[in-house]
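Engineer: Input file: start-v4.cif. Contents: mmCIF, C-alpha atoms.
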data_my_file
loop_
_atom_site.label_atom_id
_atom_site.label_comp_id
_atom_site.auth_asym_id
_atom_site.auth_seq_id
_atom_site.Cartn_x
_atom_site.Cartn_y
_atom_site.Cartn_z
CA MET A 63 -92.86 84.31 -32.33
CA GLY A 64 -94.18 87.28 -30.28
CA ARG A 65 -94.12 87.39 -26.53
CA SER A 66 -97.33 86.79 -24.62
CA PRO A 67 -98.65 89.93 -22.95
CA ILE A 68 -98.25 90.12 -19.17
CA LEU A 69 -101.01 91.68 -17.13
CA VAL A 70 -99.88 93.47 -14.00
CA VAL A 71 -102.54 94.51 -11.52
CA THR A 72 -101.68 97.02 -8.83
CA THR A 73 -103.70 98.39 -5.95
CA LYS A 74 -103.03 101.80 -4.46
CA PHE A 75 -103.62 102.44 -0.79
CA TYR A 76 -104.12 106.13 -0.09
CA MET A 77 -101.98 107.19 2.85
CA GLY A 78 -101.91 110.19 5.14
CA SER A 79 -103.36 113.31 3.55
CA GLU A 80 -103.67 111.88 0.03
CA THR A 81 -107.04 112.31 -1.61
CA CYS A 82 -109.03 109.09 -1.75
CA PRO A 83 -112.36 108.84 -3.57
CA MET A 84 -113.65 106.64 -0.75
CA HIS A 85 -112.23 108.71 2.10
CA LYS A 86 -115.61 109.87 3.37
CA SER A 87 -116.83 106.31 3.87
CA ASN A 88 -113.82 105.50 6.12
CA LEU A 89 -113.26 102.22 4.24
CA PHE A 90 -109.54 102.94 4.09
CA SER A 91 -108.92 103.66 7.74
CA LYS A 92 -105.37 103.18 9.01
CA ARG A 93 -106.35 99.97 10.81
CA PHE A 94 -107.88 98.52 7.65
CA ARG A 95 -104.86 99.46 5.52
CA ASP A 96 -102.43 97.95 8.02
CA LEU A 97 -104.42 94.73 8.16
CA ILE A 98 -104.61 94.40 4.38
CA ASN A 99 -100.93 95.23 3.86
CA ALA A 100 -99.84 92.72 6.53
CA ARG A 101 -102.24 89.96 5.60
CA TYR A 102 -101.72 90.07 1.86
CA SER A 103 -98.00 90.76 1.83
CA MET A 104 -96.22 88.47 -0.61
CA ASP A 105 -94.24 87.18 2.39
CA ASN A 106 -97.37 85.22 3.36
CA PHE A 107 -97.52 83.43 0.01
CA ILE A 108 -95.80 80.20 -1.00
CA ARG A 109 -94.01 80.57 -4.32
CA GLY A 110 -93.94 77.75 -6.85
CA ILE A 111 -92.49 77.53 -10.36
CA SER A 112 -95.52 79.29 -11.79
CA SER A 113 -97.65 80.10 -8.77
CA TYR A 114 -98.05 82.35 -5.75
CA VAL A 115 -100.43 80.63 -3.33
CA ARG A 116 -101.81 81.40 0.12
CA MET A 117 -104.11 78.57 1.20
CA GLU A 118 -104.44 78.42 4.98
CA ALA A 119 -106.64 76.00 6.89
CA HIS A 120 -107.52 75.41 10.53
CA VAL A 121 -107.60 71.66 11.22
CA SER A 122 -108.12 69.53 14.30
CA PHE A 123 -107.16 65.89 14.88
CA VAL A 124 -108.78 63.91 17.70
CA VAL A 125 -107.21 61.05 19.64
CA LYS A 126 -109.00 57.73 19.18
CA TYR A 127 -111.38 56.89 22.05
CA ARG A 128 -110.83 60.45 23.32
CA HIS A 129 -108.04 59.32 25.63
CA LYS A 130 -106.40 62.31 27.34
CA VAL A 131 -102.88 61.39 26.29
CA PHE A 132 -101.74 65.00 25.86
CA ASP A 133 -102.03 65.64 29.59
CA ASP A 134 -98.63 63.92 29.65
CA ALA A 135 -96.10 66.69 28.89
CA GLU A 136 -93.51 64.30 27.42
CA PHE A 137 -96.02 62.67 25.06
CA ARG A 138 -97.43 66.05 24.03
CA GLY A 139 -93.99 67.53 23.41
CA ARG A 140 -92.89 64.58 21.30
CA CYS A 141 -96.12 64.74 19.29
CA ARG A 142 -95.45 68.41 18.56
CA GLN A 143 -91.94 67.59 17.34
CA LEU A 144 -93.17 64.78 15.10
CA LEU A 145 -95.93 66.88 13.55
CA TYR A 146 -93.35 69.54 12.64
CA GLN A 147 -91.04 66.84 11.25
CA ALA A 148 -93.82 65.40 9.12
CA ALA A 149 -94.71 68.86 7.87
CA ALA A 150 -91.11 69.59 6.90
CA LEU A 151 -90.81 66.21 5.17
CA HIS A 152 -93.86 66.89 3.00
CA LYS A 153 -93.33 70.65 2.56
CA ILE A 154 -96.37 71.61 4.59
CA ARG A 155 -96.10 74.87 6.51
CA ILE A 156 -97.41 74.92 10.10
CA ASN A 157 -98.18 78.44 11.32
CA GLU A 158 -99.72 77.62 14.70
CA MET A 159 -100.25 74.54 16.86
CA GLY A 160 -102.00 74.01 20.18
CA PHE A 161 -102.96 70.98 22.27
CA ASP A 162 -105.84 70.15 24.54
CA SER A 163 -106.10 66.93 26.51
CA ASP A 164 -107.41 64.73 23.69
CA HIS A 165 -106.95 66.70 20.46
CA VAL A 166 -104.67 69.07 18.60
CA HIS A 167 -105.46 72.20 16.59
CA ILE A 168 -103.16 73.25 13.73
CA ILE A 169 -103.14 76.12 11.27
CA LEU A 170 -101.65 74.82 8.02
CA GLN A 171 -100.51 76.58 4.89
CA LEU A 172 -100.63 74.39 1.80
CA ARG A 173 -99.15 74.51 -1.68
CA CYS A 174 -101.35 74.55 -4.78
CA ASN A 175 -100.78 70.82 -5.42
CA GLN A 176 -101.63 69.76 -1.84
CA SER A 177 -105.06 68.86 -0.50
CA LEU A 178 -106.30 69.02 3.07
CA SER A 179 -107.06 65.29 3.22
CA TRP A 180 -103.57 64.46 1.91
CA ALA A 181 -101.93 66.77 4.45
CA ALA A 182 -103.96 65.25 7.30
CA LYS A 183 -102.97 61.75 6.20
CA CYS A 184 -99.27 62.69 6.12
CA LEU A 185 -99.29 64.37 9.52
CA LYS A 186 -101.44 61.82 11.33
CA GLY A 187 -99.79 58.77 9.78
CA PHE A 188 -96.21 59.83 10.52
CA SER A 189 -96.84 61.11 14.05
CA GLY A 190 -99.15 58.26 15.06
CA ARG A 191 -96.75 55.49 14.03
CA LYS A 192 -93.73 57.12 15.64
CA LEU A 193 -95.48 57.96 18.91
CA LEU A 194 -96.89 54.47 19.52
CA THR A 195 -93.50 52.96 18.64
CA GLU A 196 -91.67 55.25 21.07
CA PHE A 197 -94.32 54.89 23.81
CA PRO A 198 -95.27 51.17 23.69
CA GLN A 199 -96.80 51.33 27.16
CA VAL A 200 -99.33 53.88 25.92
CA LYS A 201 -100.22 51.65 23.00
CA ARG A 202 -100.67 48.56 25.20
CA ARG A 203 -102.69 50.36 27.85
CA LEU A 204 -104.97 52.54 25.73
CA PHE A 205 -105.08 51.61 22.07
CA TRP A 206 -105.11 47.79 21.99
CA GLY A 207 -103.08 47.58 18.79
CA SER A 208 -105.01 50.28 16.91
CA GLY A 209 -103.78 53.68 15.72
CA LEU A 210 -103.42 56.87 17.75
CA TRP A 211 -105.71 59.17 15.77
CA SER A 212 -109.44 58.98 15.13
CA PRO A 213 -110.30 58.93 11.39
CA ALA A 214 -112.41 62.08 11.86
CA ILE A 215 -111.06 65.45 10.71
CA PHE A 216 -112.23 68.98 11.37
CA GLY A 217 -111.18 71.51 8.72
CA ASP A 218 -112.04 75.10 7.90
CA SER A 219 -110.51 77.69 5.58
CA LEU A 220 -108.74 80.45 7.47
CA GLY A 221 -110.53 83.38 5.94
CA ARG A 222 -112.66 84.68 8.79
CA GLU A 223 -111.09 86.36 11.83
CA PRO A 224 -107.65 84.78 11.17
CA GLU A 225 -105.91 86.52 14.08
CA VAL A 226 -108.59 85.37 16.54
CA LEU A 227 -108.39 81.82 15.21
CA ALA A 228 -104.59 81.86 15.55
CA ALA A 229 -104.93 82.91 19.20
CA TYR A 230 -107.54 80.19 19.75
CA VAL A 231 -105.18 77.53 18.41
CA ARG A 232 -102.14 78.92 20.24
CA ASN A 233 -103.93 78.94 23.62
CA GLN A 234 -105.34 75.41 23.53
CA GLY A 235 -105.25 73.71 26.90
CA MET A 236 -105.64 76.91 28.90
CA ASN A 237 -108.52 77.18 31.34
CA ARG A 238 -111.50 78.53 29.38
CA ALA A 239 -112.39 80.88 32.22
CA ALA A 240 -108.89 82.37 32.08
CA ARG A 241 -108.80 83.04 28.35
CA LYS A 242 -110.81 85.49 26.31
CA GLU A 243 -110.76 83.60 23.00
CA LYS A 244 -114.02 82.33 21.59
CA GLN A 245 -115.04 78.70 21.54
CA LEU A 246 -114.84 76.94 18.19
CA THR A 247 -118.61 76.99 17.69
CA ASN A 248 -118.62 80.79 17.94
CA PHE A 249 -116.90 81.03 14.55
CA PHE A 250 -120.05 79.84 12.79
CA THR A 251 -123.51 81.35 12.59
CA LYS A 252 -124.77 77.83 11.88
CA ILE A 253 -122.81 74.65 12.46
CA PRO A 254 -122.24 72.87 9.11
CA PRO A 255 -122.85 69.12 8.78
CA VAL A 256 -119.86 67.00 9.82
CA TYR A 257 -118.53 64.42 7.39
CA SER A 258 -116.11 61.69 8.37
CA GLU A 259 -113.27 60.70 6.06
CA ARG A 260 -110.69 58.02 6.74
CA THR A 261 -107.15 59.30 6.41
CA ASN A 262 -105.04 56.67 8.11
#
Write the structure described by the file as structure tokens, please.
Structural biologist:
Amino acid sequence: MGRSPILVVTTKFYMGSETCPMHKSNLFSKRFRDLINARYSMDNFIRGISSYVRMEAHVSFVVKYRHKVFDDAEFRGRCRQLLYQAAALHKIRINEMGFDSDHVHIILQLRCNQSLSWAAKCLKGFSGRKLLTEFPQVKRRLFWGSGLWSPAIFGDSLGREPEVLAAYVRNQGMNRAARKEKQLTNFFTKIPPVYSERTN
């Protein structure tokens, strides 16, 4: 039985003084080449048995009733730890995380067999149960026996301005006047309709 042919696709980046057919259009400027080489390095991909996958998403989870529980440094720090624990348990990669008073922003990297709704359910379910068990006074005072997280999810693929989005997530909670990052609505020319999906 003959072997199946293997197709190998390579892309050449013209460096320095090499002749490039598109040189005059400046499409292969040094900045562009550096960005492409860094962004699409195989180090950024997750390798499976028969797959190389880079699926990154920017997600945000909101606290139920918009209570500002993350103003408490201990509660916020423990939530961060639990989200990383949940991610490790389910083989979800977290690249960035940032908190504001009543919500958290996360940049996730998923495997090919993982969905965004499944990842959100794993992260929210694990962290919410643990936090309200470890902080019973918060549960009694604010959540009246319900869960920590709202069922709503914000999610967006991380394809547009990824470095700016990473800085936005990383600097959550800073005074908006003191930071130069854009607001979330600035990443869209038109705000898409918002759909609610229960995940916990």
Engineer: Would you work out the distance separating CA of His120 (chain A) from CA of Val231 (chain A), expressed in Å to one decimal?
Structural biologist: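 Between these atoms lies a distance of 8.5 Å.
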Engineer: Set the distance at 8 Å and use all atoms listed in the file: which residues neighbour Met159 (chain A) once local chain neighbours fewer than 2 positions away are removed? I'd like the list as a compact mmCIF listing (two decimals) with C-alpha atoms, in the frame of the given file.
Structural biologist:
# COMPACT_ATOMS: atom_id res chain seq x y z
CA ARG A 142 -95.45 68.41 18.56
CA ILE A 156 -97.41 74.92 10.10
CA ASN A 157 -98.18 78.44 11.32
CA PHE A 161 -102.96 70.98 22.27
CA VAL A 166 -104.67 69.07 18.60
CA HIS A 167 -105.46 72.20 16.59
CA ILE A 168 -103.16 73.25 13.73
CA ILE A 169 -103.14 76.12 11.27
CA VAL A 231 -105.18 77.53 18.41
CA ARG A 232 -102.14 78.92 20.24
Engineer: If we count only C-alpha atoms, what is near Cys174 (chain A) at a cut-off of 9 Å, once residues fewer than 5 positions away on the same chain are taken out, given as a list in words?
Structural biologist: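 Neighbouring residues, sequence-local ones excluded: Ile108, Gly110, Ser113, Tyr114, Val115, Arg116 and Met117 of chain A.
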Engineer: Looking at all atoms listed in the file, which of A:Ala119, A:Leu227, A:Ala148, A:Val125 is the one that sits closest to Ser189 (chain A)?
Structural biologist: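 Nearest candidate to Ser189 (chain A) out of A:Ala119, A:Leu227, A:Ala148, A:Val125: A:Ala148.
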Engineer: Need the shell around Asp218 (chain A): protein/DNA/RNA residues with any atom at most 10 Å away, counting all atoms listed in the file. Skip same-chain ones fewer than 2 positions apart. Format as an NGL selection string?
Structural biologist: :A and (118-122 or 169 or 178 or 216 or 220-222)
Engineer: For Phe123 (chain A), which residue among A:Arg140, A:Arg155, A:Lys186, A:Arg173 is the nearest when counting only C-alpha atoms?
Structural biologist: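 Ranked by minimum distance to Phe123 (chain A), first place goes to A:Lys186.
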Engineer: Find the distance between CA of Val131 (chain A) and CA of His152 (chain A) and write it in Å to one decimal.
Structural biologist: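 CA of His152 (chain A) lies at a distance of 25.6 Å from CA of Val131 (chain A).
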Engineer: Which residues, written as a PyMOL selection string, have at least one atom at most 12 Å from Thr195 (chain A), with only C-alpha atoms counted and residues fewer than 4 positions away on the same chain left out?
Structural biologist: chain A and resi 137+140+188-191+199-202+207-210
Engineer: Select, from A:Phe132, A:Tyr146, A:Phe197, A:Phe205, the residue with the minimum atom-to-atom distance to Cys184 (chain A), counting all atoms listed in the file.
Structural biologist: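 Distance minimum relative to Cys184 (chain A) lands on A:Tyr146.
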Engineer: Rounded to one decimal place, report the CA of Val226 (chain A)-CA of Ala135 (chain A) distance in Å.
Structural biologist: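 Separation of CA of Val226 (chain A) and CA of Ala135 (chain A): 25.6 Å.
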Engineer: With distances taken over all atoms listed in the file, which residue among A:Leu185, A:Trp206, A:Glu196, A:Gln234 lies nearest Glu136 (chain A)?
Structural biologist: A:Glu196
Engineer: Counting only C-alpha atoms, what is within 9 Å of Lys130 (chain A), bar same-chain residues fewer than 3 positions away, as a list in words?
Structural biologist: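 Selected residues are Val125, Asp133, Asp134, Asp162, Ser163, Asp164 and His165 of chain A.
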Engineer: Of the candidates A:Gln143, A:Ser177, A:Asn106, A:Ser112, which shows the shortest atom-to-atom distance to Leu193 (chain A), using only C-alpha atoms?
Structural biologist: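 Of the candidates, the smallest distance to Leu193 (chain A) is held by A:Gln143.
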Engineer: What do you get, as a tab-separated table (two decimals) with C-alpha atoms, in the frame of the given file, if you spell out every residue that the PyMOL selection byres ((chain A and resi 212) around 9) selects here?
Structural biologist:
chain	number	residue	atom	x	y	z
A	123	PHE	CA	-107.16	65.89	14.88
A	124	VAL	CA	-108.78	63.91	17.70
A	125	VAL	CA	-107.21	61.05	19.64
A	126	LYS	CA	-109.00	57.73	19.18
A	127	TYR	CA	-111.38	56.89	22.05
A	128	ARG	CA	-110.83	60.45	23.32
A	209	GLY	CA	-103.78	53.68	15.72
A	210	LEU	CA	-103.42	56.87	17.75
A	211	TRP	CA	-105.71	59.17	15.77
A	213	PRO	CA	-110.30	58.93	11.39
A	214	ALA	CA	-112.41	62.08	11.86
A	215	ILE	CA	-111.06	65.45	10.71
A	260	ARG	CA	-110.69	58.02	6.74
A	262	ASN	CA	-105.04	56.67	8.11
Engineer: Report, as AutoDock Vina command-line options, the axis-aligned box around all atoms of region 175-181 of chain A present in the file, extended by 6 Å on each side; give centre and edge lengths in Å to one decimal place.
Structural biologist:
--center_x -103.9 --center_y 67.6 --center_z -0.5 --size_x 18.3 --size_y 18.4 --size_z 21.9
Engineer: Taking into account only C-alpha atoms, which residue in the set A:Cys141, A:Met236, A:Ile111, A:Ala150 is nearest to Asn175 (chain A)?
Structural biologist: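 Among the listed residues, A:Ile111 lies closest to Asn175 (chain A).
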